[in-house]
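This is my_file-v2.txt (compact mmCIF, C-alpha atoms).
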```txt
# COMPACT_ATOMS: atom_id res chain seq x y z
CA MET A 726 -12.18 -53.46 -20.34
CA ILE A 727 -15.38 -54.92 -21.83
CA PHE A 728 -14.23 -53.97 -25.34
CA LEU A 729 -10.83 -55.55 -24.74
CA LEU A 730 -12.41 -58.83 -23.61
CA LEU A 731 -14.85 -58.79 -26.53
CA ILE A 732 -12.10 -58.14 -29.08
CA TYR A 733 -9.88 -60.89 -27.69
CA ALA A 734 -12.79 -63.34 -27.43
CA PHE A 735 -13.53 -62.60 -31.09
CA ILE A 736 -9.89 -63.23 -32.09
CA LEU A 737 -9.96 -66.53 -30.18
CA ILE A 738 -13.23 -67.65 -31.76
CA ILE A 739 -12.18 -66.99 -35.34
CA ASN A 740 -8.76 -68.64 -35.03
CA VAL A 741 -8.68 -71.48 -32.50
CA PRO A 742 -11.48 -73.86 -33.67
CA GLY A 743 -10.01 -74.01 -37.20
CA LEU A 744 -6.50 -74.64 -35.91
CA ILE A 745 -7.69 -77.47 -33.62
CA LYS A 746 -9.85 -78.97 -36.36
CA ARG A 747 -6.93 -79.02 -38.81
CA LYS A 748 -4.61 -80.27 -36.01
CA GLU A 749 -2.16 -77.44 -36.69
CA TRP A 750 -0.51 -77.62 -33.26
CA ARG A 751 2.58 -75.63 -34.15
CA GLU A 752 0.40 -72.81 -35.54
CA LEU A 753 -1.77 -72.99 -32.40
CA ALA A 754 1.31 -72.71 -30.17
CA ALA A 755 2.63 -69.69 -32.13
CA PHE A 756 -0.82 -68.09 -32.09
CA SER A 757 -1.18 -68.66 -28.33
CA PHE A 758 2.27 -67.17 -27.65
CA LEU A 759 1.48 -63.93 -29.53
CA TYR A 760 -2.09 -63.87 -28.25
CA VAL A 761 -0.95 -63.96 -24.61
CA ILE A 762 1.56 -61.13 -25.24
CA ALA A 763 -1.08 -59.05 -27.05
CA PHE A 764 -3.69 -59.62 -24.34
CA ALA A 765 -1.24 -58.85 -21.53
CA LEU A 766 -0.22 -55.59 -23.25
CA GLY A 767 -3.88 -54.69 -23.84
CA LEU A 768 -4.71 -55.40 -20.21
CA MET A 769 -1.79 -53.28 -18.99
CA TYR A 770 -2.94 -50.44 -21.25
CA VAL A 771 -6.54 -50.63 -20.03
CA LEU A 772 -5.45 -50.80 -16.37
CA ASP A 773 -3.09 -47.82 -16.86
CA ILE A 774 -0.03 -49.86 -15.96
CA PRO A 775 3.00 -48.16 -17.54
CA ILE A 776 4.29 -50.07 -20.60
CA PRO A 777 8.02 -49.55 -21.24
CA SER A 778 8.72 -48.08 -24.66
CA PRO A 779 11.26 -50.10 -26.70
CA MET A 780 12.31 -46.90 -28.47
CA LYS A 781 13.12 -45.16 -25.18
CA GLY A 782 15.43 -48.07 -24.34
CA LEU A 783 17.01 -47.88 -27.77
CA GLN A 784 17.42 -44.11 -27.47
CA HIS A 785 19.14 -44.63 -24.11
CA LEU A 786 21.45 -47.29 -25.58
CA ILE A 787 22.39 -45.34 -28.71
CA VAL A 788 22.50 -41.78 -27.36
CA ASP A 789 23.43 -42.15 -23.68
CA ILE A 790 25.62 -45.27 -23.73
CA PHE A 791 27.18 -45.26 -27.23
CA GLY A 792 27.07 -41.45 -27.46
CA ILE A 793 25.85 -41.48 -31.08
CA GLU A 794 23.62 -38.46 -31.65
CA TYR A 795 23.05 -35.71 -34.15
CA PRO A 796 23.62 -32.22 -32.74
CA GLN A 797 20.38 -30.42 -31.87
CA GLY A 798 19.34 -27.17 -33.53
CA MET B 570 9.87 -74.15 -47.53
CA SER B 571 8.63 -70.60 -48.07
CA ILE B 572 5.51 -69.53 -46.19
CA GLU B 573 4.03 -67.63 -49.18
CA LYS B 574 2.65 -69.64 -52.08
CA GLY B 575 1.32 -66.70 -54.15
CA LYS B 576 3.15 -65.12 -57.06
CA ILE B 577 3.32 -61.51 -58.21
CA SER B 578 4.52 -59.94 -61.46
CA SER B 579 7.34 -57.42 -61.89
CA GLN B 580 4.79 -54.73 -62.75
CA GLN B 581 2.93 -55.39 -59.52
CA LEU B 582 6.23 -55.14 -57.63
CA LEU B 583 6.77 -51.73 -59.25
CA PHE B 584 3.42 -50.42 -57.98
CA LEU B 585 3.88 -52.00 -54.54
CA ILE B 586 7.24 -50.23 -54.13
CA ALA B 587 5.92 -46.93 -55.54
CA GLY B 588 2.89 -47.01 -53.20
CA PHE B 589 5.07 -48.02 -50.27
CA VAL B 590 7.40 -45.03 -50.78
CA GLN B 591 4.46 -42.68 -51.41
CA GLY B 592 3.07 -43.85 -48.06
CA SER B 593 5.95 -42.00 -46.42
CA ALA B 594 4.87 -38.61 -47.81
CA LEU B 595 3.86 -37.45 -44.31
CA LEU B 596 7.16 -38.59 -42.88
CA ILE B 597 9.23 -36.08 -44.86
CA ASP B 598 8.08 -33.67 -42.14
CA PHE B 599 10.73 -35.30 -39.93
CA ALA B 600 13.35 -33.82 -42.24
CA VAL B 601 11.66 -30.46 -42.90
CA GLY B 602 12.50 -29.12 -39.43
CA ILE B 603 16.16 -29.96 -40.05
CA THR B 604 16.70 -29.26 -43.74
CA GLU B 605 14.08 -26.48 -44.19
CA HIS B 606 13.98 -25.20 -47.80
CA GLN B 607 16.67 -27.68 -48.88
CA THR B 608 14.42 -30.72 -48.24
CA TRP B 609 14.07 -31.30 -51.99
CA MET B 610 17.85 -31.74 -52.21
CA VAL B 611 18.00 -34.35 -49.45
CA ILE B 612 15.21 -36.33 -51.13
CA ILE B 613 17.24 -36.48 -54.37
CA ALA B 614 20.46 -37.25 -52.48
CA GLY B 615 18.66 -39.92 -50.41
CA LEU B 616 17.40 -41.55 -53.61
CA ILE B 617 20.86 -41.48 -55.25
CA ILE B 618 22.48 -43.06 -52.18
CA THR B 619 19.77 -45.64 -51.50
CA ALA B 620 18.92 -46.77 -55.06
CA PRO B 621 22.07 -48.96 -55.44
CA VAL B 622 21.41 -50.45 -51.98
CA VAL B 623 17.81 -51.27 -52.89
CA LEU B 624 19.02 -52.78 -56.18
CA SER B 625 21.36 -54.97 -54.10
CA TYR B 626 18.21 -56.40 -52.45
CA VAL B 627 17.13 -57.53 -55.93
CA LEU B 628 20.54 -59.10 -56.49
CA LEU B 629 20.31 -60.90 -53.14
CA SER B 630 16.84 -62.23 -53.86
CA LYS B 631 17.96 -63.35 -57.34
CA MET B 632 20.84 -65.26 -55.73
CA PHE B 633 18.30 -67.11 -53.55
CA PRO B 634 15.32 -67.62 -55.88
CA GLY B 635 11.98 -68.28 -54.19
CA MET B 636 13.39 -67.56 -50.72
CA ASN B 637 12.44 -64.83 -48.28
CA LEU B 638 14.68 -62.82 -45.96
CA ILE B 639 14.35 -65.22 -43.01
CA GLN B 640 15.35 -68.21 -45.15
CA ILE B 641 18.25 -66.26 -46.68
CA ASN B 642 19.52 -65.26 -43.21
CA ASP B 643 19.38 -68.89 -42.04
CA MET B 644 21.30 -70.04 -45.08
CA VAL B 645 23.92 -67.27 -45.06
CA TYR B 646 24.60 -66.84 -41.33
CA GLY B 647 23.69 -70.33 -40.11
CA PRO B 648 20.70 -71.39 -37.99
CA PHE B 649 21.66 -69.54 -34.77
CA LEU B 650 23.21 -66.28 -35.98
CA GLY B 651 20.70 -66.26 -38.83
CA LYS B 652 17.81 -66.36 -36.35
CA ALA B 653 19.40 -63.52 -34.35
CA VAL B 654 19.69 -61.37 -37.50
CA SER B 655 16.10 -62.27 -38.42
CA LEU B 656 14.90 -61.23 -34.94
CA TYR B 657 16.64 -57.88 -35.41
CA TYR B 658 14.74 -57.46 -38.72
CA ILE B 659 11.46 -58.51 -37.07
CA PHE B 660 12.01 -55.91 -34.32
CA PHE B 661 12.57 -53.29 -37.05
CA PHE B 662 9.39 -54.33 -38.92
CA MET B 663 7.41 -54.28 -35.68
CA MET B 664 8.62 -50.83 -34.62
CA THR B 665 8.27 -49.27 -38.06
CA LEU B 666 4.76 -50.62 -38.45
CA SER B 667 3.74 -49.24 -35.06
CA PHE B 668 5.18 -45.81 -35.99
CA ASN B 669 3.15 -45.77 -39.19
CA VAL B 670 -0.04 -46.82 -37.41
CA ARG B 671 0.63 -44.09 -34.86
CA ASP B 672 1.22 -41.54 -37.64
CA VAL B 673 -2.29 -42.13 -38.94
CA GLY B 674 -3.72 -41.80 -35.42
CA GLU B 675 -1.82 -38.55 -34.85
CA LEU B 676 -2.93 -37.24 -38.26
CA TYR B 677 -6.59 -37.82 -37.43
CA MET B 678 -6.31 -36.56 -33.85
CA THR B 679 -4.57 -33.34 -34.91
CA PHE B 680 -6.48 -32.41 -38.04
CA LEU B 681 -9.63 -34.38 -38.65
CA VAL B 682 -11.43 -35.90 -35.62
CA GLU B 683 -9.94 -34.23 -32.58
CA ASP B 684 -12.43 -35.64 -30.05
CA MET B 685 -12.07 -39.28 -31.06
CA PRO B 686 -10.21 -41.55 -28.57
CA PHE B 687 -6.69 -42.10 -29.92
CA VAL B 688 -6.63 -45.83 -29.27
CA PHE B 689 -9.96 -46.31 -31.11
CA LEU B 690 -8.44 -44.79 -34.26
CA LEU B 691 -5.44 -47.11 -33.92
CA VAL B 692 -7.65 -50.20 -33.45
CA VAL B 693 -9.79 -49.41 -36.50
CA PHE B 694 -6.83 -48.66 -38.73
CA ALA B 695 -4.76 -51.66 -37.56
CA ALA B 696 -7.75 -54.01 -37.95
CA THR B 697 -8.33 -52.79 -41.52
CA CYS B 698 -4.68 -53.27 -42.46
CA ALA B 699 -4.61 -56.69 -40.74
CA TYR B 700 -7.69 -57.72 -42.73
CA ALA B 701 -5.95 -56.68 -45.97
CA ALA B 702 -2.85 -58.66 -44.94
CA THR B 703 -4.93 -61.80 -44.40
CA LYS B 704 -6.06 -61.58 -48.03
CA GLY B 705 -2.48 -62.27 -49.05
CA LEU B 706 0.25 -60.72 -51.11
CA GLU B 707 -1.41 -61.34 -54.47
CA VAL B 708 -4.47 -59.31 -53.52
CA LEU B 709 -2.39 -56.41 -52.21
CA ALA B 710 -0.32 -56.50 -55.39
CA ARG B 711 -3.40 -56.54 -57.64
CA ILE B 712 -4.82 -53.35 -56.12
CA SER B 713 -1.54 -51.48 -55.59
CA HIS B 714 -1.75 -49.51 -58.86
CA LEU B 715 -5.03 -47.93 -57.71
CA PHE B 716 -3.32 -46.53 -54.62
CA VAL B 717 -0.37 -45.20 -56.59
CA VAL B 718 -2.57 -43.53 -59.22
CA SER B 719 -4.86 -41.93 -56.63
CA GLY B 720 -1.82 -40.71 -54.67
CA LEU B 721 -0.31 -39.18 -57.80
CA PHE B 722 -3.65 -37.60 -58.72
CA VAL B 723 -3.94 -35.84 -55.36
CA ILE B 724 -0.32 -34.65 -55.39
CA ILE B 725 -0.54 -33.32 -58.96
CA SER B 726 -3.97 -31.70 -58.54
CA ASN B 727 -2.92 -29.96 -55.31
CA PHE B 728 0.25 -28.76 -56.97
CA ILE B 729 -1.75 -27.21 -59.83
CA LEU B 730 -4.33 -25.64 -57.47
CA LEU B 731 -1.54 -24.02 -55.44
CA ILE B 732 0.57 -22.73 -58.34
CA ASP B 733 -0.70 -19.14 -57.94
CA GLN B 734 0.50 -19.13 -54.30
CA MET B 735 3.96 -20.49 -55.01
CA ASP B 736 7.02 -18.34 -54.61
CA PHE B 737 10.09 -20.05 -56.00
CA SER B 738 12.43 -17.57 -54.34
CA ASN B 739 11.63 -19.57 -51.18
CA PHE B 740 14.22 -22.10 -52.36
CA LEU B 741 17.02 -19.50 -52.07
CA PRO B 742 19.70 -19.33 -50.86
CA LEU B 743 20.91 -22.74 -51.99
CA PHE B 744 23.49 -24.55 -49.84
CA GLU B 745 22.86 -22.32 -46.84
CA LEU B 746 22.54 -24.96 -44.13
CA PRO B 747 25.50 -26.56 -42.30
CA PHE B 748 26.69 -29.90 -43.69
CA ILE B 749 25.71 -31.90 -40.58
CA ARG B 750 22.04 -30.92 -40.99
CA ILE B 751 22.07 -31.88 -44.66
CA PHE B 752 23.75 -35.16 -43.70
CA GLN B 753 21.09 -35.85 -41.07
CA GLY B 754 18.38 -35.02 -43.62
CA ILE B 755 19.91 -37.41 -46.16
CA HIS B 756 20.14 -40.05 -43.42
CA ILE B 757 16.42 -39.60 -42.62
CA MET B 758 15.46 -39.81 -46.30
CA SER B 759 17.65 -42.79 -47.07
CA VAL B 760 16.28 -44.74 -44.10
CA ILE B 761 12.60 -43.75 -43.83
CA PRO B 762 11.05 -43.54 -47.28
CA PHE B 763 13.64 -45.45 -49.30
CA GLY B 764 15.52 -47.75 -46.91
CA GLU B 765 12.34 -49.22 -45.44
CA THR B 766 11.91 -50.98 -48.81
CA VAL B 767 14.16 -53.64 -47.24
CA VAL B 768 10.79 -55.24 -46.36
CA PHE B 769 10.58 -56.25 -50.02
CA LEU B 770 13.28 -58.86 -49.33
CA MET B 771 10.35 -60.80 -47.83
CA ILE B 772 8.38 -60.35 -51.05
CA MET B 773 10.85 -60.51 -53.95
CA GLY B 774 11.07 -64.29 -53.65
CA CYS B 775 7.44 -64.42 -54.80
CA LEU B 776 8.15 -62.85 -58.21
CA ASN B 777 7.02 -65.07 -61.07
CA ARG B 778 9.78 -63.72 -63.33
CA THR B 779 12.90 -62.13 -61.90
CA GLU B 780 14.40 -60.77 -65.15
CA LEU B 781 12.63 -57.40 -64.84
CA ALA B 782 12.86 -57.18 -61.03
CA ALA B 783 15.71 -54.64 -60.98
CA LYS B 784 14.00 -52.38 -63.51
CA SER B 785 10.64 -52.58 -61.68
CA THR B 786 12.28 -51.89 -58.31
CA PHE B 787 14.15 -48.87 -59.66
CA PHE B 788 11.11 -47.36 -61.39
CA GLY B 789 8.94 -48.02 -58.33
CA LEU B 790 11.49 -46.20 -56.20
CA LEU B 791 11.63 -43.39 -58.78
CA ILE B 792 7.83 -42.90 -58.86
CA GLY B 793 7.80 -42.80 -55.06
CA ALA B 794 10.70 -40.33 -54.98
CA VAL B 795 9.07 -38.05 -57.57
CA SER B 796 5.88 -38.03 -55.46
CA LEU B 797 7.83 -37.07 -52.33
CA LEU B 798 9.72 -34.43 -54.32
CA GLY B 799 6.42 -32.98 -55.57
CA VAL B 800 5.15 -32.72 -51.99
CA ALA B 801 8.42 -31.17 -50.69
CA VAL B 802 8.66 -28.63 -53.54
CA ARG B 803 5.00 -27.64 -53.13
CA ASN B 804 5.32 -27.16 -49.37
CA THR B 805 8.50 -25.09 -49.62
CA ALA B 806 7.21 -22.98 -52.52
CA VAL B 807 3.92 -22.26 -50.74
CA LEU B 808 5.00 -21.95 -47.09
CA GLY B 809 8.63 -20.82 -47.37
CA LYS B 810 10.45 -20.44 -44.05
CA THR B 811 7.22 -20.95 -42.09
CA GLN B 812 7.06 -24.63 -43.08
CA THR B 813 9.32 -25.52 -40.14
CA ILE B 814 6.78 -24.34 -37.54
CA TRP B 815 3.82 -26.47 -38.65
CA THR B 816 3.06 -29.97 -37.37
CA SER B 817 2.07 -31.10 -40.87
CA THR B 818 3.35 -28.92 -43.69
CA SER B 819 1.22 -30.69 -46.30
CA PHE B 820 -2.00 -29.95 -44.42
CA GLN B 821 -1.01 -26.34 -43.91
CA SER B 822 -0.21 -25.74 -47.58
CA ILE B 823 -3.37 -27.47 -48.82
CA ARG B 824 -5.46 -25.32 -46.47
CA LEU B 825 -4.34 -22.30 -48.48
CA ILE B 826 -6.10 -23.49 -51.64
CA ASN B 827 -8.75 -20.95 -52.48
CA ILE B 828 -10.12 -20.95 -56.02
CA GLY B 829 -12.86 -18.34 -56.30
CA THR B 830 -13.94 -19.07 -52.68
CA VAL B 831 -15.50 -22.29 -54.02
CA LEU B 832 -12.61 -24.74 -53.88
CA THR B 833 -11.45 -24.30 -50.29
CA ARG B 834 -10.65 -26.52 -47.29
CA MET B 835 -9.15 -29.17 -49.52
CA ASP B 836 -7.12 -30.61 -46.62
CA PHE B 837 -9.57 -33.50 -46.36
CA LEU B 838 -8.17 -34.62 -49.75
CA VAL B 839 -4.71 -34.93 -48.23
CA GLY B 840 -6.26 -36.77 -45.28
CA ILE B 841 -7.94 -39.29 -47.57
CA ALA B 842 -4.92 -39.73 -49.86
CA GLN B 843 -2.57 -40.08 -46.93
CA THR B 844 -4.79 -42.63 -45.20
CA VAL B 845 -5.05 -44.66 -48.40
CA LEU B 846 -1.29 -44.63 -48.99
CA VAL B 847 -0.34 -45.39 -45.38
CA PHE B 848 -2.95 -48.16 -45.51
CA LEU B 849 -1.07 -49.82 -48.38
CA LYS B 850 2.26 -49.36 -46.60
CA CYS B 851 0.94 -50.75 -43.28
CA SER B 852 -0.80 -53.67 -45.01
CA ILE B 853 2.52 -54.60 -46.64
CA PHE B 854 4.22 -54.29 -43.25
CA PHE B 855 1.53 -56.44 -41.59
CA TYR B 856 1.92 -59.08 -44.27
CA VAL B 857 5.73 -59.01 -44.05
CA LEU B 858 5.80 -59.09 -40.25
CA SER B 859 3.32 -61.98 -40.04
CA ALA B 860 5.12 -63.92 -42.78
CA ALA B 861 8.52 -63.30 -41.14
CA LEU B 862 7.30 -64.53 -37.74
CA GLY B 863 5.52 -67.48 -39.38
CA GLN B 864 8.72 -68.41 -41.22
CA LEU B 865 10.77 -68.03 -38.03
CA PHE B 866 8.38 -70.34 -36.12
CA GLY B 867 8.40 -72.81 -39.04
CA LEU B 868 4.65 -72.51 -39.71
CA THR B 869 2.81 -73.46 -42.88
CA SER B 870 0.61 -70.35 -42.76
CA TYR B 871 1.03 -66.87 -41.30
CA LEU B 872 -2.73 -66.22 -41.07
CA PRO B 873 -3.26 -67.19 -37.38
CA LEU B 874 -0.60 -64.64 -36.38
CA VAL B 875 -2.08 -61.57 -38.05
CA LEU B 876 -4.68 -60.58 -35.43
CA PRO B 877 -2.48 -61.09 -32.33
CA ILE B 878 0.21 -59.05 -34.11
CA ALA B 879 -2.38 -56.32 -34.76
CA GLY B 880 -3.19 -56.32 -31.02
CA ILE B 881 0.49 -55.93 -30.12
CA GLU B 882 1.00 -53.20 -32.74
CA VAL B 883 -1.91 -51.12 -31.46
CA ILE B 884 -0.52 -51.06 -27.90
CA ILE B 885 3.03 -50.32 -29.07
CA ALA B 886 1.69 -47.53 -31.31
CA ALA B 887 -0.33 -46.06 -28.45
CA THR B 888 2.50 -46.10 -25.90
CA VAL B 889 5.82 -45.93 -27.77
CA PHE B 890 5.99 -42.11 -27.79
CA GLN B 891 4.53 -39.58 -25.37
CA SER B 892 3.77 -36.91 -27.98
CA PRO B 893 4.37 -35.99 -31.64
CA VAL B 894 7.43 -33.98 -30.50
CA ASP B 895 8.83 -37.03 -28.68
CA HIS B 896 8.10 -39.07 -31.83
CA ALA B 897 10.07 -36.64 -34.02
CA MET B 898 12.99 -36.31 -31.57
CA ILE B 899 13.54 -40.08 -31.24
CA THR B 900 12.99 -40.79 -34.95
CA GLN B 901 15.53 -38.12 -35.95
CA ASN B 902 18.21 -39.82 -33.82
CA ALA B 903 17.92 -43.38 -32.47
CA GLY B 904 15.13 -44.27 -34.94
CA ILE B 905 17.31 -43.75 -37.99
CA ILE B 906 20.56 -44.96 -36.43
CA TYR B 907 19.51 -48.43 -35.21
CA SER B 908 18.13 -49.39 -38.63
CA VAL B 909 21.33 -48.61 -40.58
CA PRO B 910 22.82 -52.14 -40.22
CA LEU B 911 19.56 -53.71 -41.40
CA ILE B 912 19.20 -51.50 -44.46
CA PHE B 913 22.77 -50.90 -45.56
CA ILE B 914 25.06 -53.52 -43.99
CA PHE B 915 23.38 -56.93 -43.64
CA PRO B 916 22.07 -57.23 -47.22
CA LEU B 917 25.48 -56.33 -48.70
CA LEU B 918 27.24 -58.58 -46.18
CA SER B 919 24.87 -61.43 -47.12
CA ILE B 920 25.79 -61.02 -50.81
CA VAL B 921 29.53 -61.10 -50.01
CA ILE B 922 29.22 -64.13 -47.68
CA ALA B 923 27.00 -65.98 -50.17
CA ARG B 924 29.55 -65.34 -52.94
CA ILE B 925 32.47 -66.51 -50.77
CA ARG B 926 30.63 -69.63 -49.56
CA GLY B 927 29.16 -70.34 -53.00
CA LEU B 928 25.57 -70.20 -51.71
CA PRO B 929 22.99 -71.41 -52.38
CA LYS B 930 24.52 -74.85 -52.83
CA PRO B 931 23.03 -76.90 -55.68
CA GLU B 932 20.50 -79.64 -54.85
CA GLY B 933 22.14 -82.44 -52.95
CA GLY B 934 25.03 -80.17 -51.92
CA LYS B 935 25.84 -79.62 -48.27
CA GLU B 936 24.05 -76.51 -46.97
CA ALA B 937 24.61 -74.45 -43.86
```

Written form, structure tokens:
Amino acid sequence: MIFLLLIYAFILIINVPGLIKRKEWRELAAFSFLYVIAFALGLMYVLDIPIPSPMKGLQHLIVDIFGIEYPQG
Amino acid sequence: MSIEKGKISSQQLLFLIAGFVQGSALLIDFAVGITEHQTWMVIIAGLIITAPVVLSYVLLSKMFPGMNLIQINDMVYGPFLGKAVSLYYIFFFMMTLSFNVRDVGELYMTFLVEDMPFVFLLVVFAATCAYAATKGLEVLARISHLFVVSGLFVIISNFILLIDQMDFSNFLPLFELPFIRIFQGIHIMSVIPFGETVVFLMIMGCLNRTELAAKSTFFGLLIGAVSLLGVAVRNTAVLGKTQTIWTSTSFQSIRLINIGTVLTRMDFLVGIAQTVLVFLKCSIFFYVLSAALGQLFGLTSYLPLVLPIAGIEVIIAATVFQSPVDHAMITQNAGIIYSVPLIFIFPLLSIVIARIRGLPKPEGGKEA
């Protein structure tokens, strides 16, 4: 948890002051959007909260729903 | 306006593509379990099928000079459908990058530093690649030849050191496997090492001269394919039928090197070479993913996005599969099926639509 907070504090420190100084608000908004997602995922991982796998969903869609699959063996 | 201001030469594009394809040398193991001793055939077939498709990427980028994939999608499919297609590409870039980051973690966990926490390896590797991506495309392009040459050196030297252990009867009988397995093998090869070069649609717009782009792309693809072929032939000739039971066939074959009991345990060489090559591939992916998202958000620079993307990639890489077996099972089915439209259909469709609509319209003309 400590490492997660340190890493994300570091990312914040090296990006945000420059963006504010240069008044790059659109860049700051995009950064904040991705930063929140990344931090939330990191927090879920550290707290052992299950993170759904996009590939499992895709596998379900392609194999189980569309029935597209290579034969095994 | 394109998000990348740097320019690269055709020669640099050649080395970037060659290094990118070489970076998939570990991933031919996905096909080995299916195509066994005929893996060399599916690599050649994959190259023959994919080369014209990859050359169509050059044609597309020549039709839209100075533009990247996101801009081309917006222009060809319109602002809404174009964004949807771009999001599909971004999802593909994101997933493929996380798989490659995970591959390095699995490689180290299985063969080199078994006691190291998995997520720590992913963080270190992703941070290094993200750092390289922040240096820009020009820097990656300038150093790409070093990666390609060192990759070739390791492949050739290992091949020579293992010649006394090779048994070329391991390639017989030819055409033994059922067609569906060969087809699946060709599908894996045409999507994973070769088809992933669709990322270069984000880069080709930065070429300073486009006249030699097709030639450079083809030769880059060829150097990469020859490297993969060298690895596949070596593994089959050395390991024979047993290659299907190992987690990493390359590591297993290299471990057999024994020259006068002095030159032994050379598997660390494969570890280093593989890390270096996957590093180049992942750095390109990081750059492309950040630039694509930056372009989609309408930013002037992709740099602020690189580190948050690295954070997301690490967690996806750590959680997307439960085990290497799960990784292989999903990649051999859904993983290669969902990317077919992105690699084979959309670029060709874009060329046809652009031709029909007469895109890009000249300056002052009405654009989509």

Which residue gives the smallest distance to Val717 of chain B among B:Lys574, B:Lys704, B:Arg824, B:Lys850, with only C-alpha atoms counted?
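Ranking B:Lys574, B:Lys704, B:Arg824, B:Lys850 by distance to Val717 of chain B, first place goes to B:Lys850.
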
Computed gap from atom CA of Ser870 of chain B to atom CA of Phe855 of chain B is 14.0 Å

At what distance in Å, to one decimal, does atom CA of Phe756 of chain A lie from atom CA of Leu872 of chain B?
9.4 Å

Among B:Phe740, B:Phe913, B:Phe752, B:Phe716, Gln581 of chain B is approached most closely, using all atoms listed in the file, by B:Phe716

I need the chain B residues near chain A as a short mmCIF file (atom, residue, chain, number, x, y, z; two decimals) with C-alpha atoms, in the frame of the given file; criterion: at most 8 Å, counting only C-alpha atoms.
```cif
data_model
loop_
_atom_site.label_atom_id
_atom_site.label_comp_id
_atom_site.auth_asym_id
_atom_site.auth_seq_id
_atom_site.Cartn_x
_atom_site.Cartn_y
_atom_site.Cartn_z
CA ILE B 603 16.16 -29.96 -40.05
CA ILE B 749 25.71 -31.90 -40.58
CA GLN B 753 21.09 -35.85 -41.07
CA PHE B 866 8.38 -70.34 -36.12
CA LEU B 868 4.65 -72.51 -39.71
CA THR B 869 2.81 -73.46 -42.88
CA SER B 870 0.61 -70.35 -42.76
CA PRO B 873 -3.26 -67.19 -37.38
CA LEU B 874 -0.60 -64.64 -36.38
CA LEU B 876 -4.68 -60.58 -35.43
CA PRO B 877 -2.48 -61.09 -32.33
CA ILE B 878 0.21 -59.05 -34.11
CA GLY B 880 -3.19 -56.32 -31.02
CA ILE B 881 0.49 -55.93 -30.12
CA ILE B 884 -0.52 -51.06 -27.90
CA ILE B 885 3.03 -50.32 -29.07
CA THR B 888 2.50 -46.10 -25.90
CA VAL B 889 5.82 -45.93 -27.77
CA PHE B 890 5.99 -42.11 -27.79
CA ILE B 899 13.54 -40.08 -31.24
CA ASN B 902 18.21 -39.82 -33.82
CA ALA B 903 17.92 -43.38 -32.47
CA GLY B 904 15.13 -44.27 -34.94
CA ILE B 906 20.56 -44.96 -36.43
CA TYR B 907 19.51 -48.43 -35.21
#
```

So that I can see what lies close to Leu865 of chain B, please list as a CSV table (one decimal) with C-alpha atoms, keeping the file's coordinate frame the residues with an atom at most 8 Å from it, counting all atoms listed in the file and leaving out residues fewer than 6 positions away in the same chain.
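Wrote it out as out_31.csv, contents follow:
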```csv
chain,number,residue,atom,x,y,z
B,639,ILE,CA,14.4,-65.2,-43.0
B,652,LYS,CA,17.8,-66.4,-36.4
B,655,SER,CA,16.1,-62.3,-38.4
```

For atom CA of Gly602 of chain B and atom CA of Lys810 of chain B, quote the distance in Å rounded to one decimal.
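So the two atoms, atom CA of Gly602 of chain B and atom CA of Lys810 of chain B, lie 10.0 Å apart.
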
Provide an axis-aligned box for all listed atoms of segment 593-597 of chain B, padding each side by 3 Å; report its centre and its edge lengths in Å to one decimal, as JSON.
```
{"center_x": 6.5, "center_y": -39.0, "center_z": -45.3, "size_x": 11.4, "size_y": 11.9, "size_z": 10.9}
```

Counting only C-alpha atoms, which of B:Val654, B:Leu846, B:Val807, B:Ala600 gets nearest to Gln821 of chain B?
B:Val807

So, with only C-alpha atoms as the atoms that count, which of B:Asp672, B:Asp684, B:Glu605, B:Asp598 lies closest to Asn739 of chain B?
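Among B:Asp672, B:Asp684, B:Glu605, B:Asp598, it is B:Glu605 that comes nearest to Asn739 of chain B.
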
Identify, on the basis of all atoms listed in the file, every residue whose closest approach to segment 769-771 of chain B does not exceed 10 Å; exclude the query and any residue fewer than 6 positions from it along the same chain; express the result as number ranges by chain.
B: 571, 573, 582, 585-586, 589, 623, 626-627, 629-630, 635-641, 786, 853-854, 856-858, 860-861, 916

Go ahead and write the selection's residues with C-alpha atoms as a CSV table (one decimal), keeping the file's coordinate frame.
```csv
chain,number,residue,atom,x,y,z
B,571,SER,CA,8.6,-70.6,-48.1
B,573,GLU,CA,4.0,-67.6,-49.2
B,582,LEU,CA,6.2,-55.1,-57.6
B,585,LEU,CA,3.9,-52.0,-54.5
B,586,ILE,CA,7.2,-50.2,-54.1
B,589,PHE,CA,5.1,-48.0,-50.3
B,623,VAL,CA,17.8,-51.3,-52.9
B,626,TYR,CA,18.2,-56.4,-52.4
B,627,VAL,CA,17.1,-57.5,-55.9
B,629,LEU,CA,20.3,-60.9,-53.1
B,630,SER,CA,16.8,-62.2,-53.9
B,635,GLY,CA,12.0,-68.3,-54.2
B,636,MET,CA,13.4,-67.6,-50.7
B,637,ASN,CA,12.4,-64.8,-48.3
B,638,LEU,CA,14.7,-62.8,-46.0
B,639,ILE,CA,14.4,-65.2,-43.0
B,640,GLN,CA,15.4,-68.2,-45.2
B,641,ILE,CA,18.2,-66.3,-46.7
B,786,THR,CA,12.3,-51.9,-58.3
B,853,ILE,CA,2.5,-54.6,-46.6
B,854,PHE,CA,4.2,-54.3,-43.2
B,856,TYR,CA,1.9,-59.1,-44.3
B,857,VAL,CA,5.7,-59.0,-44.0
B,858,LEU,CA,5.8,-59.1,-40.2
B,860,ALA,CA,5.1,-63.9,-42.8
B,861,ALA,CA,8.5,-63.3,-41.1
B,916,PRO,CA,22.1,-57.2,-47.2
```
